[in-house]
Amino acid sequence: MGATHEEVNLMLHLYELRREAKLREAREWMSVNFHPKSPEEAMRLTPPGSKENAYMRMVMGYWEMVASIANRGLVDEELLFENSGEQWGVWEQVKPLVGAWRTMFANPQFLGNLEEHCKRLDAWREKRNPGSVEALRKVYAQMSEAVQENKAHAASN
């Protein structure tokens, strides 16, 4: 079973959207700067009305939309999994915060599409490469620590 031309065109369009200048800037900011351990820390990093808050919402909104499309079967999910893993990284960043946000917004489905999509991505990765999800989590944790150490070093100079 393969992807249809329509699904491939949708994938290419989603990729084009990721290349939009503002979203690219937001994705870069999020990957480097957004590593909160609590909702309170997230609020300090992304206060309402700030550019950082807009960046966070833009990135989460983009990947929630992509996950919603995938969850409805509108794009070949294996093709998406083969060509994109950033959504998983975003989910890992926000996963510790989602419970509090769902309560705060009285919305138990907040980022639910992304959560369900990433569960399937985890299962797909593990089936193809057992142990890869945990290895990837360790790499992400090391990268986050390195970013924090670099920021602390820069601040002390």
# chains A, B, ... in the order shown; residues from 1 in each chain; ligands from 1

$ residues_around --residues "Glu78 (chain A)" --least-positions-apart "2" --cutoff "10 Å" --atoms "only C-alpha atoms" --output "number ranges by chain"
A: 2-3, 70, 75-76, 80-84, 121, 124

$ write_last_selection --atoms "N, CA, C and O atoms" --output "PDB file, in the first residue's frame"
ATOM      1  N   GLY A   2       0.646   2.138  -0.894  1.00  0.00           N
ATOM      2  CA  GLY A   2       1.465   3.330  -0.982  1.00  0.00           C
ATOM      3  C   GLY A   2       0.638   4.594  -0.906  1.00  0.00           C
ATOM      4  O   GLY A   2      -0.588   4.565  -0.923  1.00  0.00           O
ATOM      5  N   ALA A   3       1.331   5.680  -0.821  1.00  0.00           N
ATOM      6  CA  ALA A   3       0.676   6.983  -0.749  1.00  0.00           C
ATOM      7  C   ALA A   3       0.155   7.371  -2.130  1.00  0.00           C
ATOM      8  O   ALA A   3       0.773   7.069  -3.147  1.00  0.00           O
ATOM      9  N   ALA A  70      -3.286  13.709   9.971  1.00  0.00           N
ATOM     10  CA  ALA A  70      -2.825  12.314   9.970  1.00  0.00           C
ATOM     11  C   ALA A  70      -3.825  11.408  10.682  1.00  0.00           C
ATOM     12  O   ALA A  70      -4.119  10.302  10.201  1.00  0.00           O
ATOM     13  N   VAL A  75      -3.444  11.685   5.132  1.00  0.00           N
ATOM     14  CA  VAL A  75      -2.090  11.575   4.603  1.00  0.00           C
ATOM     15  C   VAL A  75      -1.575  10.194   5.004  1.00  0.00           C
ATOM     16  O   VAL A  75      -1.942   9.678   6.064  1.00  0.00           O
ATOM     17  N   ASP A  76      -0.783   9.601   4.152  1.00  0.00           N
ATOM     18  CA  ASP A  76      -0.208   8.303   4.456  1.00  0.00           C
ATOM     19  C   ASP A  76       0.708   8.461   5.669  1.00  0.00           C
ATOM     20  O   ASP A  76       1.731   9.145   5.599  1.00  0.00           O
ATOM     21  N   LEU A  80       4.543  10.031   6.375  1.00  0.00           N
ATOM     22  CA  LEU A  80       4.785  11.128   7.311  1.00  0.00           C
ATOM     23  C   LEU A  80       5.835  10.723   8.354  1.00  0.00           C
ATOM     24  O   LEU A  80       6.771  11.481   8.623  1.00  0.00           O
ATOM     25  N   PHE A  81       5.701   9.532   8.905  1.00  0.00           N
ATOM     26  CA  PHE A  81       6.666   9.063   9.894  1.00  0.00           C
ATOM     27  C   PHE A  81       8.066   8.953   9.305  1.00  0.00           C
ATOM     28  O   PHE A  81       9.050   9.256   9.976  1.00  0.00           O
ATOM     29  N   GLU A  82       8.159   8.505   8.073  1.00  0.00           N
ATOM     30  CA  GLU A  82       9.467   8.356   7.431  1.00  0.00           C
ATOM     31  C   GLU A  82      10.156   9.691   7.188  1.00  0.00           C
ATOM     32  O   GLU A  82      11.378   9.753   7.096  1.00  0.00           O
ATOM     33  N   ASN A  83       9.367  10.750   7.086  1.00  0.00           N
ATOM     34  CA  ASN A  83       9.918  12.034   6.656  1.00  0.00           C
ATOM     35  C   ASN A  83       9.828  13.150   7.675  1.00  0.00           C
ATOM     36  O   ASN A  83      10.252  14.274   7.388  1.00  0.00           O
ATOM     37  N   SER A  84       9.288  12.864   8.847  1.00  0.00           N
ATOM     38  CA  SER A  84       9.179  13.916   9.841  1.00  0.00           C
ATOM     39  C   SER A  84       9.162  13.324  11.237  1.00  0.00           C
ATOM     40  O   SER A  84       8.395  12.405  11.513  1.00  0.00           O
ATOM     41  N   LEU A 121       3.510   7.074  16.409  1.00  0.00           N
ATOM     42  CA  LEU A 121       4.881   7.242  15.934  1.00  0.00           C
ATOM     43  C   LEU A 121       5.843   6.448  16.820  1.00  0.00           C
ATOM     44  O   LEU A 121       6.745   5.769  16.313  1.00  0.00           O
ATOM     45  N   TRP A 124       5.455   2.822  15.891  1.00  0.00           N
ATOM     46  CA  TRP A 124       6.051   2.587  14.570  1.00  0.00           C
ATOM     47  C   TRP A 124       7.569   2.520  14.679  1.00  0.00           C
ATOM     48  O   TRP A 124       8.200   1.622  14.114  1.00  0.00           O
TER      49      TRP A 124
END

$ residues_around --residues "region 127-142 of chain A" --least-positions-apart "4" --cutoff "9 Å" --atoms "only C-alpha atoms" --output "list of chain:residue names"
A:Gly89, A:Glu92, A:Asp122, A:Ala123, A:Ala146, A:Val147

$ atom_distance --atom1 "CA of His13 (chain A)" --atom2 "CA of Arg27 (chain A)"
17.2 Å

$ residues_around --residues "region 49-51 of chain A" --least-positions-apart "5" --cutoff "10 Å" --atoms "only C-alpha atoms" --output "number ranges by chain"
A: 26, 56-57

$ closest_residue --among "A:Arg18, A:Leu74, A:Trp91, A:Ala100" --to "Met43 (chain A)" --atoms "only C-alpha atoms"
A:Ala100

$ atom_distance --atom1 "CA of Glu52 (chain A)" --atom2 "CA of Glu20 (chain A)"
17.1 Å

$ closest_residue --among "A:Glu41, A:Glu6, A:Glu115, A:Glu126" --to "Val90 (chain A)" --atoms "only C-alpha atoms"
A:Glu115

$ atom_distance --atom1 "CA of Val32 (chain A)" --atom2 "CA of Asn157 (chain A)"
19.5 Å

$ residues_around --residues "Glu64 (chain A)" --least-positions-apart "5" --cutoff "7 Å" --atoms "only C-alpha atoms" --output "ChimeraX atom specification"
/A:111,113-114

$ write_last_selection --atoms "N, CA and C atoms" --output "mmCIF file, in the first residue's frame"
data_model
loop_
_atom_site.group_PDB
_atom_site.id
_atom_site.type_symbol
_atom_site.label_atom_id
_atom_site.label_comp_id
_atom_site.auth_asym_id
_atom_site.auth_seq_id
_atom_site.Cartn_x
_atom_site.Cartn_y
_atom_site.Cartn_z
ATOM 1 N N LEU A 111 -4.275 19.439 22.658
ATOM 2 C CA LEU A 111 -3.144 18.746 22.028
ATOM 3 C C LEU A 111 -3.355 17.234 21.952
ATOM 4 N N ASN A 113 -4.708 15.489 19.510
ATOM 5 C CA ASN A 113 -4.324 14.931 18.209
ATOM 6 C C ASN A 113 -2.836 14.641 18.165
ATOM 7 N N LEU A 114 -2.053 15.578 18.672
ATOM 8 C CA LEU A 114 -0.602 15.395 18.692
ATOM 9 C C LEU A 114 -0.230 14.213 19.588
#

$ closest_residue --among "A:Asn71, A:Pro39, A:Lys22, A:Trp29" --to "Glu116 (chain A)" --atoms "only C-alpha atoms"
A:Asn71
